[in-house]
Amino acid sequence: MTITSTSAAVIDGKAFAEGLRARVAAIAASFEQASGRTAGLAVVLVGEDPASQVYVRNKGKQTLEAGMASFEHKLPADTAEADVLALVQQLNADPAVDGILVQLPLPAHIDEDKVIATIAPDKDVDGFHVINAGRLAVGQAGYVPCTPLGCLMLLKDRLGDLSGLDAVVIGRSNIVGKPMAQLLLAESCTVTVAHSRTKNLPDVVRRADIVVAAVGRPEMVKGSWIKPGATVIDVGINRISTPEGKTRLVGDVDYVEAAHVAGAITPVPGGVGPMTIAVLLRNTVVAAHRNAGIALAEGAI
Ligand code: GUN
């Protein structure tokens, strides 16, 4: 592609997430004053998937750093589905638990949909329960999946009012693409959801003021697809091999190319990635207030 002289602003998700976690910690402390108890997050991990173990360790650490209680339940990979469901029901009934997260993926013999459906919707801080997907679709207060909500926070921080902007979401997963599209629609964007069957994807992306890439294909979105000045949010985290025989993380967007055309872009790593756990902690402290019947000012976090 022809390289132009422009250079995108880098959206620092790591710094934004640190600020969000500090705000969550302050609110968690005031919740403790008001309620006489600590907000709590329970995390369920089944099996020994190394990436999941890293996520769960980081969640536990950051939950404690935010002054909240962390309850970790690590179960062996061969745990029966009925035992996982029983644990979720026990956590639903536990007043010290405000939020429940069951780490995905689950081992193949466990039905993920069944497990998610068993989580009490008002403790579903991942926003995966169909009740919360429905609440998001119709504009009712609920819980929104952490990664797309984090993307929206970065977009609003960068752009302010999003109304009337053309947004293209690439990817239609239940965890990122679909809720991202709902969030952008609620902000009065004109939203296109593109996916593997979309015809002429480069031209579709070229119309967008906002591009959210969440497909899991390394560097698929090229710089020549980006409208000059657009804001690019890269949700992809892909590990690729380098010619030197090492590995490195890249997003779904060709960062070097896109950074010459975009107005602003999230890097990988250090963009969207750090937002997910920060938003999880935010959802948990919101759940604590709702579960305890204590008001939390709209837009406080
Ligand atoms: N696995 C990878 N990311 C996530 C997440 O955000 N929530 C859950 N429950 N599992 C995951």
# chains A, B, ... in the order shown; residues from 1 in each chain; ligands from 1
$ residues_near_ligand --ligand "ligand 1" --cutoff "6 Å" --atoms "only C-alpha atoms and all ligand atoms" --output "short mmCIF file (atom, residue, chain, number, x, y, z; two decimals) with N, CA and C atoms, in the first residue's frame"
data_model
loop_
_atom_site.label_atom_id
_atom_site.label_comp_id
_atom_site.auth_asym_id
_atom_site.auth_seq_id
_atom_site.Cartn_x
_atom_site.Cartn_y
_atom_site.Cartn_z
N LEU A 101 -18.23 -15.93 37.65
CA LEU A 101 -17.68 -16.11 36.32
C LEU A 101 -17.22 -17.55 36.18
N VAL A 102 -17.75 -18.25 35.20
CA VAL A 102 -17.27 -19.60 34.89
C VAL A 102 -16.34 -19.46 33.69
N GLN A 103 -15.08 -19.78 33.90
CA GLN A 103 -14.09 -19.60 32.84
C GLN A 103 -14.38 -20.52 31.66
N LEU A 104 -14.42 -19.97 30.47
CA LEU A 104 -14.61 -20.74 29.24
C LEU A 104 -13.27 -20.84 28.51
N ASP A 126 -20.30 -11.63 33.66
CA ASP A 126 -19.78 -11.83 32.30
C ASP A 126 -20.79 -11.39 31.25
#
$ closest_atom_pairs --of "stretch 149-201 of chain A" --to "stretch 3-23 of chain A" --cutoff "9 Å" --atoms "only C-alpha atoms" --output "tab-separated table"
residue	atom	partner	partner_atom	distance
A:Gly150	CA	A:Ala17	CA	8.6
A:Leu154	CA	A:Gly13	CA	7.2
A:Arg158	CA	A:Ile11	CA	7.9
$ write_last_selection --atoms "C-alpha atoms" --output "short mmCIF file (atom, residue, chain, number, x, y, z; two decimals), in the first residue's frame"
data_model
loop_
_atom_site.label_atom_id
_atom_site.label_comp_id
_atom_site.auth_asym_id
_atom_site.auth_seq_id
_atom_site.Cartn_x
_atom_site.Cartn_y
_atom_site.Cartn_z
CA GLY A 150 -14.32 -2.15 27.38
CA LEU A 154 -12.23 3.33 24.86
CA ARG A 158 -11.54 8.95 22.37
#
$ atom_distance --atom1 "atom CA of A:Arg135" --atom2 "atom CA of A:Ala292"
20.5 Å
$ residues_around --residues "A:Asn174" --least-positions-apart "6" --cutoff "12 Å" --atoms "only C-alpha atoms" --output "PyMOL selection string"
chain A and resi 113+126-130+132-134+144-148+180-182+214
$ residues_around --residues "A:Glu219" --least-positions-apart "3" --cutoff "9 Å" --atoms "only C-alpha atoms" --output "ChimeraX atom specification"
/A:222,236,238,250-255
$ write_last_selection --atoms "N, CA, C and O atoms" --output "PDB file, in the first residue's frame"
ATOM      1  N   LYS A 222      -6.361  -5.006   6.527  1.00  0.00           N
ATOM      2  CA  LYS A 222      -5.208  -4.301   5.947  1.00  0.00           C
ATOM      3  C   LYS A 222      -5.377  -2.782   6.052  1.00  0.00           C
ATOM      4  O   LYS A 222      -6.494  -2.270   6.110  1.00  0.00           O
ATOM      5  N   GLY A 236      -8.417  -8.689  18.515  1.00  0.00           N
ATOM      6  CA  GLY A 236      -7.679  -9.936  18.293  1.00  0.00           C
ATOM      7  C   GLY A 236      -6.432 -10.046  19.154  1.00  0.00           C
ATOM      8  O   GLY A 236      -5.736  -9.053  19.397  1.00  0.00           O
ATOM      9  N   ASN A 238      -3.526 -12.806  18.754  1.00  0.00           N
ATOM     10  CA  ASN A 238      -3.077 -13.999  18.025  1.00  0.00           C
ATOM     11  C   ASN A 238      -1.572 -14.159  18.213  1.00  0.00           C
ATOM     12  O   ASN A 238      -0.820 -13.194  18.046  1.00  0.00           O
ATOM     13  N   VAL A 250      -0.002 -10.597  17.822  1.00  0.00           N
ATOM     14  CA  VAL A 250      -0.511  -9.601  16.871  1.00  0.00           C
ATOM     15  C   VAL A 250      -2.035  -9.604  16.950  1.00  0.00           C
ATOM     16  O   VAL A 250      -2.649 -10.576  17.388  1.00  0.00           O
ATOM     17  N   GLY A 251      -2.627  -8.513  16.498  1.00  0.00           N
ATOM     18  CA  GLY A 251      -4.082  -8.410  16.492  1.00  0.00           C
ATOM     19  C   GLY A 251      -4.686  -8.932  15.203  1.00  0.00           C
ATOM     20  O   GLY A 251      -4.022  -9.611  14.402  1.00  0.00           O
ATOM     21  N   ASP A 252      -5.956  -8.593  14.998  1.00  0.00           N
ATOM     22  CA  ASP A 252      -6.657  -8.945  13.751  1.00  0.00           C
ATOM     23  C   ASP A 252      -6.408  -7.893  12.675  1.00  0.00           C
ATOM     24  O   ASP A 252      -6.827  -8.053  11.527  1.00  0.00           O
ATOM     25  N   VAL A 253      -5.763  -6.790  13.067  1.00  0.00           N
ATOM     26  CA  VAL A 253      -5.493  -5.680  12.153  1.00  0.00           C
ATOM     27  C   VAL A 253      -3.979  -5.620  11.902  1.00  0.00           C
ATOM     28  O   VAL A 253      -3.195  -5.816  12.830  1.00  0.00           O
ATOM     29  N   ASP A 254      -3.609  -5.354  10.662  1.00  0.00           N
ATOM     30  CA  ASP A 254      -2.198  -5.117  10.349  1.00  0.00           C
ATOM     31  C   ASP A 254      -1.850  -3.735  10.908  1.00  0.00           C
ATOM     32  O   ASP A 254      -2.135  -2.694  10.307  1.00  0.00           O
ATOM     33  N   TYR A 255      -1.254  -3.757  12.119  1.00  0.00           N
ATOM     34  CA  TYR A 255      -1.083  -2.518  12.894  1.00  0.00           C
ATOM     35  C   TYR A 255      -0.196  -1.504  12.162  1.00  0.00           C
ATOM     36  O   TYR A 255      -0.520  -0.320  12.082  1.00  0.00           O
TER      37      TYR A 255
END
$ decode --residues "stretch 221-258 of chain A" --atoms "N, CA and C atoms" --output "PDB file, in the first residue's frame"
ATOM      1  N   VAL A 221      -7.060  -7.516   8.693  1.00  0.00           N
ATOM      2  CA  VAL A 221      -7.564  -6.215   8.232  1.00  0.00           C
ATOM      3  C   VAL A 221      -6.374  -5.363   7.789  1.00  0.00           C
ATOM      4  N   LYS A 222      -6.361  -5.006   6.527  1.00  0.00           N
ATOM      5  CA  LYS A 222      -5.208  -4.301   5.947  1.00  0.00           C
ATOM      6  C   LYS A 222      -5.377  -2.782   6.052  1.00  0.00           C
ATOM      7  N   GLY A 223      -4.249  -2.099   5.995  1.00  0.00           N
ATOM      8  CA  GLY A 223      -4.276  -0.644   6.066  1.00  0.00           C
ATOM      9  C   GLY A 223      -5.093  -0.009   4.951  1.00  0.00           C
ATOM     10  N   SER A 224      -5.068  -0.623   3.772  1.00  0.00           N
ATOM     11  CA  SER A 224      -5.790  -0.051   2.624  1.00  0.00           C
ATOM     12  C   SER A 224      -7.308  -0.161   2.784  1.00  0.00           C
ATOM     13  N   TRP A 225      -7.781  -0.928   3.790  1.00  0.00           N
ATOM     14  CA  TRP A 225      -9.218  -1.060   4.037  1.00  0.00           C
ATOM     15  C   TRP A 225      -9.739   0.071   4.929  1.00  0.00           C
ATOM     16  N   ILE A 226      -8.831   0.792   5.564  1.00  0.00           N
ATOM     17  CA  ILE A 226      -9.224   1.744   6.614  1.00  0.00           C
ATOM     18  C   ILE A 226      -9.477   3.115   6.003  1.00  0.00           C
ATOM     19  N   LYS A 227     -10.616   3.711   6.372  1.00  0.00           N
ATOM     20  CA  LYS A 227     -10.898   5.084   5.929  1.00  0.00           C
ATOM     21  C   LYS A 227      -9.950   6.031   6.677  1.00  0.00           C
ATOM     22  N   PRO A 228      -9.328   6.976   5.978  1.00  0.00           N
ATOM     23  CA  PRO A 228      -8.412   7.889   6.672  1.00  0.00           C
ATOM     24  C   PRO A 228      -9.102   8.569   7.857  1.00  0.00           C
ATOM     25  N   GLY A 229      -8.445   8.518   9.005  1.00  0.00           N
ATOM     26  CA  GLY A 229      -8.979   9.166  10.203  1.00  0.00           C
ATOM     27  C   GLY A 229      -9.883   8.283  11.046  1.00  0.00           C
ATOM     28  N   ALA A 230     -10.207   7.077  10.581  1.00  0.00           N
ATOM     29  CA  ALA A 230     -11.109   6.192  11.332  1.00  0.00           C
ATOM     30  C   ALA A 230     -10.476   5.764  12.665  1.00  0.00           C
ATOM     31  N   THR A 231     -11.350   5.360  13.590  1.00  0.00           N
ATOM     32  CA  THR A 231     -10.872   4.829  14.875  1.00  0.00           C
ATOM     33  C   THR A 231     -10.940   3.299  14.819  1.00  0.00           C
ATOM     34  N   VAL A 232      -9.827   2.654  15.097  1.00  0.00           N
ATOM     35  CA  VAL A 232      -9.718   1.195  14.917  1.00  0.00           C
ATOM     36  C   VAL A 232      -9.503   0.525  16.279  1.00  0.00           C
ATOM     37  N   ILE A 233     -10.427  -0.376  16.606  1.00  0.00           N
ATOM     38  CA  ILE A 233     -10.347  -1.131  17.865  1.00  0.00           C
ATOM     39  C   ILE A 233     -10.071  -2.586  17.501  1.00  0.00           C
ATOM     40  N   ASP A 234      -8.925  -3.076  17.941  1.00  0.00           N
ATOM     41  CA  ASP A 234      -8.478  -4.426  17.557  1.00  0.00           C
ATOM     42  C   ASP A 234      -8.621  -5.366  18.754  1.00  0.00           C
ATOM     43  N   VAL A 235      -9.606  -6.275  18.660  1.00  0.00           N
ATOM     44  CA  VAL A 235      -9.880  -7.193  19.775  1.00  0.00           C
ATOM     45  C   VAL A 235      -9.019  -8.455  19.677  1.00  0.00           C
ATOM     46  N   GLY A 236      -8.417  -8.689  18.515  1.00  0.00           N
ATOM     47  CA  GLY A 236      -7.679  -9.936  18.293  1.00  0.00           C
ATOM     48  C   GLY A 236      -6.432 -10.046  19.154  1.00  0.00           C
ATOM     49  N   ILE A 237      -6.176 -11.256  19.644  1.00  0.00           N
ATOM     50  CA  ILE A 237      -4.904 -11.567  20.312  1.00  0.00           C
ATOM     51  C   ILE A 237      -4.441 -12.888  19.715  1.00  0.00           C
ATOM     52  N   ASN A 238      -3.526 -12.806  18.754  1.00  0.00           N
ATOM     53  CA  ASN A 238      -3.077 -13.999  18.025  1.00  0.00           C
ATOM     54  C   ASN A 238      -1.572 -14.159  18.213  1.00  0.00           C
ATOM     55  N   ARG A 239      -1.168 -15.370  18.567  1.00  0.00           N
ATOM     56  CA  ARG A 239       0.277 -15.624  18.697  1.00  0.00           C
ATOM     57  C   ARG A 239       0.786 -16.187  17.379  1.00  0.00           C
ATOM     58  N   ILE A 240       1.764 -15.501  16.774  1.00  0.00           N
ATOM     59  CA  ILE A 240       2.311 -15.975  15.493  1.00  0.00           C
ATOM     60  C   ILE A 240       3.812 -16.241  15.626  1.00  0.00           C
ATOM     61  N   SER A 241       4.316 -17.081  14.725  1.00  0.00           N
ATOM     62  CA  SER A 241       5.753 -17.378  14.717  1.00  0.00           C
ATOM     63  C   SER A 241       6.474 -16.335  13.875  1.00  0.00           C
ATOM     64  N   THR A 242       7.640 -15.912  14.341  1.00  0.00           N
ATOM     65  CA  THR A 242       8.443 -14.956  13.571  1.00  0.00           C
ATOM     66  C   THR A 242       9.487 -15.729  12.764  1.00  0.00           C
ATOM     67  N   PRO A 243      10.055 -15.079  11.726  1.00  0.00           N
ATOM     68  CA  PRO A 243      11.098 -15.763  10.936  1.00  0.00           C
ATOM     69  C   PRO A 243      12.290 -16.167  11.798  1.00  0.00           C
ATOM     70  N   GLU A 244      12.482 -15.497  12.940  1.00  0.00           N
ATOM     71  CA  GLU A 244      13.623 -15.838  13.821  1.00  0.00           C
ATOM     72  C   GLU A 244      13.324 -17.049  14.697  1.00  0.00           C
ATOM     73  N   GLY A 245      12.157 -17.663  14.505  1.00  0.00           N
ATOM     74  CA  GLY A 245      11.822 -18.851  15.295  1.00  0.00           C
ATOM     75  C   GLY A 245      11.235 -18.528  16.660  1.00  0.00           C
ATOM     76  N   LYS A 246      10.886 -17.248  16.882  1.00  0.00           N
ATOM     77  CA  LYS A 246      10.244 -16.887  18.148  1.00  0.00           C
ATOM     78  C   LYS A 246       8.739 -16.730  17.910  1.00  0.00           C
ATOM     79  N   THR A 247       7.998 -16.305  18.920  1.00  0.00           N
ATOM     80  CA  THR A 247       6.582 -15.995  18.706  1.00  0.00           C
ATOM     81  C   THR A 247       6.325 -14.569  19.191  1.00  0.00           C
ATOM     82  N   ARG A 248       5.255 -13.963  18.626  1.00  0.00           N
ATOM     83  CA  ARG A 248       4.841 -12.646  19.128  1.00  0.00           C
ATOM     84  C   ARG A 248       3.341 -12.514  18.976  1.00  0.00           C
ATOM     85  N   LEU A 249       2.769 -11.557  19.740  1.00  0.00           N
ATOM     86  CA  LEU A 249       1.324 -11.342  19.700  1.00  0.00           C
ATOM     87  C   LEU A 249       0.995 -10.300  18.639  1.00  0.00           C
ATOM     88  N   VAL A 250      -0.002 -10.597  17.822  1.00  0.00           N
ATOM     89  CA  VAL A 250      -0.511  -9.601  16.871  1.00  0.00           C
ATOM     90  C   VAL A 250      -2.035  -9.604  16.950  1.00  0.00           C
ATOM     91  N   GLY A 251      -2.627  -8.513  16.498  1.00  0.00           N
ATOM     92  CA  GLY A 251      -4.082  -8.410  16.492  1.00  0.00           C
ATOM     93  C   GLY A 251      -4.686  -8.932  15.203  1.00  0.00           C
ATOM     94  N   ASP A 252      -5.956  -8.593  14.998  1.00  0.00           N
ATOM     95  CA  ASP A 252      -6.657  -8.945  13.751  1.00  0.00           C
ATOM     96  C   ASP A 252      -6.408  -7.893  12.675  1.00  0.00           C
ATOM     97  N   VAL A 253      -5.763  -6.790  13.067  1.00  0.00           N
ATOM     98  CA  VAL A 253      -5.493  -5.680  12.153  1.00  0.00           C
ATOM     99  C   VAL A 253      -3.979  -5.620  11.902  1.00  0.00           C
ATOM    100  N   ASP A 254      -3.609  -5.354  10.662  1.00  0.00           N
ATOM    101  CA  ASP A 254      -2.198  -5.117  10.349  1.00  0.00           C
ATOM    102  C   ASP A 254      -1.850  -3.735  10.908  1.00  0.00           C
ATOM    103  N   TYR A 255      -1.254  -3.757  12.119  1.00  0.00           N
ATOM    104  CA  TYR A 255      -1.083  -2.518  12.894  1.00  0.00           C
ATOM    105  C   TYR A 255      -0.196  -1.504  12.162  1.00  0.00           C
ATOM    106  N   VAL A 256       0.922  -1.986  11.624  1.00  0.00           N
ATOM    107  CA  VAL A 256       1.882  -1.061  11.004  1.00  0.00           C
ATOM    108  C   VAL A 256       1.219  -0.320   9.845  1.00  0.00           C
ATOM    109  N   GLU A 257       0.492  -1.069   9.011  1.00  0.00           N
ATOM    110  CA  GLU A 257      -0.204  -0.440   7.882  1.00  0.00           C
ATOM    111  C   GLU A 257      -1.319   0.493   8.372  1.00  0.00           C
ATOM    112  N   ALA A 258      -2.169  -0.029   9.263  1.00  0.00           N
ATOM    113  CA  ALA A 258      -3.363   0.718   9.677  1.00  0.00           C
ATOM    114  C   ALA A 258      -2.995   1.994  10.431  1.00  0.00           C
TER     115      ALA A 258
END
